[in-house]
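Each remark here refers to the structure printed beneath this line.
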Amino acid sequence: MSARAAVFGPQLESASRYVDILAGRGIEWGLIGPRERERLWDRHILNSAALADLVPHGSSVVDVGSGAGLPGIPLAIARPDLRIDLLEPLLRRTNFLTQAVDELGITNRVRVVRGRAEDHRERYDVVVSRALAPLERLVRWCDPLRAPGGSILALKGRTAGDELAAATRLLAARRLTGEVLSVRAHPSVEPTTVIRLTTTR
Ligand SMILES: C[S@@+](CC[C@H](N)C(=O)[O-])C[C@H]1O[C@@H](n2cnc3c(N)ncnc32)[C@H](O)[C@@H]1O
C-alpha cells in the first residue's frame, strides 16, 4: 500500500482533492510556488500529516498562520475526530481557506478565523504551526492559545535544536518543557522535525 493510502485511508480522495486545489488555485493565487507542484504530497501533505500521531483523540486544535492550510487541512483530513481552527491574518489566504474547506466538505469541524495569534482569545488542546516564526516569537504567540495541560507542536527545519537551546530562559519563565522530535507520517517517507512544548511537571 502507498504511504498516501496508508496515512489517509478512506480520506485519500479528500486529500487528493486538496492537492488539486493547491496545484490549481493555490499556485494561481500565489500561495504555493509553481515549483512545489511536483512535491505537494511529500513536502506539504505528508509532512503536515506527520503531526497526526502527536495529537490526542478528540482534541481541539488551532493551526496558527495556516497560509494555504498547512498543516491544518491535511491534519483535519487524516483525523476526522479533531476540531480545527485555521487562524490566518491575510484576507487573500482566508478567502482561499474558506473555499477549500467548503469544497472539501469539512466545514462542520474546520473553521477559518481571520486574525493574528496575539489578538486571538480562544484556547485549544493543541496549537500547531509550520514555518510560522522563530521559536521565541512563536512561543509568545502560541502559548496564550494553549489550554491548561495542552501542547504546542511546531514543524521546524534543521535549526530546531539551536532554537530550543536559545529559548531556554523564556521556556523556563513560562514553565514549558521542550523537546525535538523526528516524526514521519509513514515509514517510507522522510522524517520531519517537530518541537513539542508542554507544561513542565
Ligand atoms: C511562511 S507562512 C507559512 C504558511 C503555512 N503554515 C505553511 O507552512 O505553508 C507564515 C504564515 O503566518 C501568517 N502570520 C504572520 N504573522 C502572523 C500572526 N501574528 N498571527 C498568525 N499568523 C501570522 C502569515 O500570514 C503566513 O500565512
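By convention here, the chains of the C-alpha cells are called A, B, ... in the order presented, each chain's residues are numbered starting at 1, and ligands are numbered starting at 1 in the order presented.
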
Compute the set of protein, DNA and RNA residues whose minimum atom distance to ligand 1 is at most 7 Å, using only C-alpha atoms and all ligand atoms, and state it as a PDB file with N, CA, C and O atoms, in the first residue's frame.
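As written to disk, result.pdb reads:
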```pdb
ATOM      1  N   VAL A  64      -1.885  27.936  13.640  1.00  0.00           N
ATOM      2  CA  VAL A  64      -1.569  29.373  13.668  1.00  0.00           C
ATOM      3  C   VAL A  64      -0.731  29.750  12.443  1.00  0.00           C
ATOM      4  O   VAL A  64       0.306  29.150  12.191  1.00  0.00           O
ATOM      5  N   GLY A  65      -1.205  30.736  11.674  1.00  0.00           N
ATOM      6  CA  GLY A  65      -0.522  31.124  10.431  1.00  0.00           C
ATOM      7  C   GLY A  65      -0.678  30.036   9.397  1.00  0.00           C
ATOM      8  O   GLY A  65       0.292  29.566   8.798  1.00  0.00           O
ATOM      9  N   SER A  66      -1.915  29.665   9.162  1.00  0.00           N
ATOM     10  CA  SER A  66      -2.212  28.473   8.350  1.00  0.00           C
ATOM     11  C   SER A  66      -1.850  28.634   6.881  1.00  0.00           C
ATOM     12  O   SER A  66      -1.620  27.641   6.184  1.00  0.00           O
ATOM     13  N   GLY A  67      -1.780  29.862   6.377  1.00  0.00           N
ATOM     14  CA  GLY A  67      -1.412  30.080   4.969  1.00  0.00           C
ATOM     15  C   GLY A  67      -2.432  29.432   4.044  1.00  0.00           C
ATOM     16  O   GLY A  67      -3.607  29.773   4.039  1.00  0.00           O
ATOM     17  N   ALA A  68      -1.983  28.443   3.281  1.00  0.00           N
ATOM     18  CA  ALA A  68      -2.891  27.723   2.373  1.00  0.00           C
ATOM     19  C   ALA A  68      -3.515  26.502   3.047  1.00  0.00           C
ATOM     20  O   ALA A  68      -4.091  25.647   2.386  1.00  0.00           O
ATOM     21  N   GLY A  69      -3.340  26.406   4.395  1.00  0.00           N
ATOM     22  CA  GLY A  69      -3.977  25.301   5.122  1.00  0.00           C
ATOM     23  C   GLY A  69      -3.001  24.258   5.638  1.00  0.00           C
ATOM     24  O   GLY A  69      -3.410  23.127   5.941  1.00  0.00           O
ATOM     25  N   LEU A  70      -1.736  24.659   5.794  1.00  0.00           N
ATOM     26  CA  LEU A  70      -0.714  23.695   6.198  1.00  0.00           C
ATOM     27  C   LEU A  70      -0.138  24.055   7.556  1.00  0.00           C
ATOM     28  O   LEU A  70       0.299  25.207   7.722  1.00  0.00           O
ATOM     29  N   PRO A  71      -0.173  23.178   8.519  1.00  0.00           N
ATOM     30  CA  PRO A  71      -0.537  21.764   8.410  1.00  0.00           C
ATOM     31  C   PRO A  71      -2.009  21.442   8.691  1.00  0.00           C
ATOM     32  O   PRO A  71      -2.389  20.284   8.677  1.00  0.00           O
ATOM     33  N   LEU A  87      -6.150  29.679  11.733  1.00  0.00           N
ATOM     34  CA  LEU A  87      -6.006  31.090  12.080  1.00  0.00           C
ATOM     35  C   LEU A  87      -5.016  31.753  11.126  1.00  0.00           C
ATOM     36  O   LEU A  87      -3.858  31.305  11.023  1.00  0.00           O
ATOM     37  N   GLU A  88      -5.470  32.784  10.444  1.00  0.00           N
ATOM     38  CA  GLU A  88      -4.635  33.398   9.404  1.00  0.00           C
ATOM     39  C   GLU A  88      -5.051  34.861   9.257  1.00  0.00           C
ATOM     40  O   GLU A  88      -6.233  35.151   9.097  1.00  0.00           O
ATOM     41  N   PRO A  89      -4.081  35.802   9.294  1.00  0.00           N
ATOM     42  CA  PRO A  89      -4.460  37.216   9.234  1.00  0.00           C
ATOM     43  C   PRO A  89      -4.773  37.748   7.833  1.00  0.00           C
ATOM     44  O   PRO A  89      -5.511  38.725   7.707  1.00  0.00           O
ATOM     45  N   LEU A  90      -4.222  37.161   6.785  1.00  0.00           N
ATOM     46  CA  LEU A  90      -4.338  37.778   5.455  1.00  0.00           C
ATOM     47  C   LEU A  90      -5.611  37.374   4.723  1.00  0.00           C
ATOM     48  O   LEU A  90      -5.913  36.180   4.574  1.00  0.00           O
ATOM     49  N   ARG A  93      -5.622  34.849   1.875  1.00  0.00           N
ATOM     50  CA  ARG A  93      -5.422  33.474   2.353  1.00  0.00           C
ATOM     51  C   ARG A  93      -6.681  32.936   3.042  1.00  0.00           C
ATOM     52  O   ARG A  93      -7.019  31.764   2.876  1.00  0.00           O
ATOM     53  N   GLY A 115      -7.342  36.493  11.616  1.00  0.00           N
ATOM     54  CA  GLY A 115      -6.810  37.260  12.732  1.00  0.00           C
ATOM     55  C   GLY A 115      -5.375  36.875  13.015  1.00  0.00           C
ATOM     56  O   GLY A 115      -4.832  35.931  12.443  1.00  0.00           O
ATOM     57  N   ARG A 116      -4.781  37.652  13.915  1.00  0.00           N
ATOM     58  CA  ARG A 116      -3.394  37.396  14.316  1.00  0.00           C
ATOM     59  C   ARG A 116      -3.401  36.648  15.644  1.00  0.00           C
ATOM     60  O   ARG A 116      -4.291  36.853  16.482  1.00  0.00           O
ATOM     61  N   ALA A 117      -2.399  35.829  15.829  1.00  0.00           N
ATOM     62  CA  ALA A 117      -2.331  34.998  17.037  1.00  0.00           C
ATOM     63  C   ALA A 117      -2.428  35.846  18.299  1.00  0.00           C
ATOM     64  O   ALA A 117      -3.148  35.508  19.243  1.00  0.00           O
ATOM     65  N   GLU A 118      -1.718  36.981  18.301  1.00  0.00           N
ATOM     66  CA  GLU A 118      -1.644  37.777  19.524  1.00  0.00           C
ATOM     67  C   GLU A 118      -2.964  38.475  19.864  1.00  0.00           C
ATOM     68  O   GLU A 118      -3.140  38.975  20.972  1.00  0.00           O
ATOM     69  N   SER A 129       1.701  24.636  14.193  1.00  0.00           N
ATOM     70  CA  SER A 129       2.128  25.644  13.215  1.00  0.00           C
ATOM     71  C   SER A 129       3.224  25.043  12.351  1.00  0.00           C
ATOM     72  O   SER A 129       3.870  24.064  12.725  1.00  0.00           O
ATOM     73  N   ARG A 130       3.399  25.666  11.189  1.00  0.00           N
ATOM     74  CA  ARG A 130       4.526  25.304  10.316  1.00  0.00           C
ATOM     75  C   ARG A 130       5.056  26.594   9.705  1.00  0.00           C
ATOM     76  O   ARG A 130       4.273  27.413   9.224  1.00  0.00           O
ATOM     77  N   ALA A 131       6.390  26.753   9.765  1.00  0.00           N
ATOM     78  CA  ALA A 131       7.048  27.927   9.174  1.00  0.00           C
ATOM     79  C   ALA A 131       6.414  29.225   9.656  1.00  0.00           C
ATOM     80  O   ALA A 131       6.203  30.156   8.878  1.00  0.00           O
ATOM     81  N   LEU A 132       6.084  29.295  10.943  1.00  0.00           N
ATOM     82  CA  LEU A 132       5.383  30.477  11.458  1.00  0.00           C
ATOM     83  C   LEU A 132       6.350  31.591  11.830  1.00  0.00           C
ATOM     84  O   LEU A 132       6.217  32.714  11.347  1.00  0.00           O
TER      85      LEU A 132
END
```

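Every residue of region 10-106 of chain A with a DSSP assignment of strand (DSSP E), taken from the backbone, is listed as Ser60, Val61, Val62, Asp63, Val64, Arg83, Ile84, Asp85, Leu86, Leu87 and Glu88 of chain A.
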
Where does region 25-119 of chain A meet region 5-19 of chain A within 9 Å, residue by residue, with the nearest atom pair and distance in Å to one decimal for each, counting only C-alpha atoms, listed by chain and rising number, as JSON lines?
```
{"residue": "A:Arg37", "atom": "CA", "partner": "A:Val19", "partner_atom": "CA", "distance": 8.9}
{"residue": "A:Leu40", "atom": "CA", "partner": "A:Val19", "partner_atom": "CA", "distance": 6.7}
{"residue": "A:Trp41", "atom": "CA", "partner": "A:Val19", "partner_atom": "CA", "distance": 7.3}
{"residue": "A:Ile45", "atom": "CA", "partner": "A:Val19", "partner_atom": "CA", "distance": 7.8}
{"residue": "A:Leu46", "atom": "CA", "partner": "A:Val7", "partner_atom": "CA", "distance": 8.0}
{"residue": "A:Ala49", "atom": "CA", "partner": "A:Val7", "partner_atom": "CA", "distance": 7.7}
{"residue": "A:Ile73", "atom": "CA", "partner": "A:Tyr18", "partner_atom": "CA", "distance": 8.2}
{"residue": "A:Pro74", "atom": "CA", "partner": "A:Ala15", "partner_atom": "CA", "distance": 6.8}
{"residue": "A:Ile77", "atom": "CA", "partner": "A:Gln11", "partner_atom": "CA", "distance": 6.4}
{"residue": "A:Ala78", "atom": "CA", "partner": "A:Phe8", "partner_atom": "CA", "distance": 5.2}
{"residue": "A:Arg79", "atom": "CA", "partner": "A:Phe8", "partner_atom": "CA", "distance": 8.5}
{"residue": "A:Pro80", "atom": "CA", "partner": "A:Gln11", "partner_atom": "CA", "distance": 8.9}
{"residue": "A:Ala100", "atom": "CA", "partner": "A:Tyr18", "partner_atom": "CA", "distance": 7.3}
{"residue": "A:Glu103", "atom": "CA", "partner": "A:Arg17", "partner_atom": "CA", "distance": 8.7}
{"residue": "A:Leu104", "atom": "CA", "partner": "A:Ser14", "partner_atom": "CA", "distance": 6.4}
{"residue": "A:Gly105", "atom": "CA", "partner": "A:Ser14", "partner_atom": "CA", "distance": 8.8}
```

Distance query region 152-168 of chain A at most 10 Å, only C-alpha atoms, self and fewer than 3 positions along chain excluded, as a PyMOL selection string | chain A and resi 47-48+50-51+54-55+61-64+71+124-139+142-143+145-146+171-173+176-183+192-199

Point-to-point distance from CA of Arg114 (chain A) to CA of Thr94 (chain A), Å rounded to tenths =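 Answer for the CA of Arg114 (chain A) to CA of Thr94 (chain A) separation: 6.3 Å.
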
Helix (DSSP H, G or I) positions in region 58-127 of chain A, given as a PyMOL selection string | chain A and resi 72-78+91-103+117-119

Go ahead and write the selection's residues with C-alpha atoms as a PDB file, in the first residue's frame.
```pdb
ATOM      1  CA  GLY A  72      -4.195  22.188   9.489  1.00  0.00           C
ATOM      2  CA  ILE A  73      -6.059  20.853   6.459  1.00  0.00           C
ATOM      3  CA  PRO A  74      -4.075  17.602   5.964  1.00  0.00           C
ATOM      4  CA  LEU A  75      -4.336  17.029   9.722  1.00  0.00           C
ATOM      5  CA  ALA A  76      -8.099  17.581   9.623  1.00  0.00           C
ATOM      6  CA  ILE A  77      -8.455  15.185   6.682  1.00  0.00           C
ATOM      7  CA  ALA A  78      -6.320  12.463   8.290  1.00  0.00           C
ATOM      8  CA  LEU A  91      -7.650  38.154   3.624  1.00  0.00           C
ATOM      9  CA  ARG A  92      -6.476  36.535   0.383  1.00  0.00           C
ATOM     10  CA  ARG A  93      -5.422  33.474   2.353  1.00  0.00           C
ATOM     11  CA  THR A  94      -8.592  33.262   4.432  1.00  0.00           C
ATOM     12  CA  ASN A  95     -10.616  33.504   1.214  1.00  0.00           C
ATOM     13  CA  PHE A  96      -8.609  30.603  -0.169  1.00  0.00           C
ATOM     14  CA  LEU A  97      -9.064  28.616   3.053  1.00  0.00           C
ATOM     15  CA  THR A  98     -12.805  29.270   3.200  1.00  0.00           C
ATOM     16  CA  GLN A  99     -13.289  27.975  -0.338  1.00  0.00           C
ATOM     17  CA  ALA A 100     -11.038  24.959   0.235  1.00  0.00           C
ATOM     18  CA  VAL A 101     -12.757  23.921   3.482  1.00  0.00           C
ATOM     19  CA  ASP A 102     -16.123  24.310   1.783  1.00  0.00           C
ATOM     20  CA  GLU A 103     -15.115  22.241  -1.260  1.00  0.00           C
ATOM     21  CA  ALA A 117      -2.331  34.998  17.037  1.00  0.00           C
ATOM     22  CA  GLU A 118      -1.644  37.777  19.524  1.00  0.00           C
ATOM     23  CA  ASP A 119      -5.218  39.111  19.178  1.00  0.00           C
TER      24      ASP A 119
END
```

Best match for closeness to Val189 (chain A) among A:Ala147, A:Ala3, A:Ile84, A:Leu31, counting only C-alpha atoms = A:Ala3

Point-to-point distance in Å for CA of Leu86 (chain A) and CA of Glu38 (chain A) |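 Atom-to-atom, CA of Glu38 (chain A) and CA of Leu86 (chain A) are spaced 24.9 Å apart.
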
Counting only C-alpha atoms, the residue among A:Ile27, A:Leu22, A:Leu82, A:Val112 that lies closest to Ser60 (chain A) is A:Leu82

Between A:Pro56, A:Ile106, A:Ala23, A:Glu122, which is the closest to His44 (chain A) once you count only C-alpha atoms?
-> A:Ala23

Separation of CA of Ala52 (chain A) and CA of Arg83 (chain A), in Å?
-> 12.9 Å
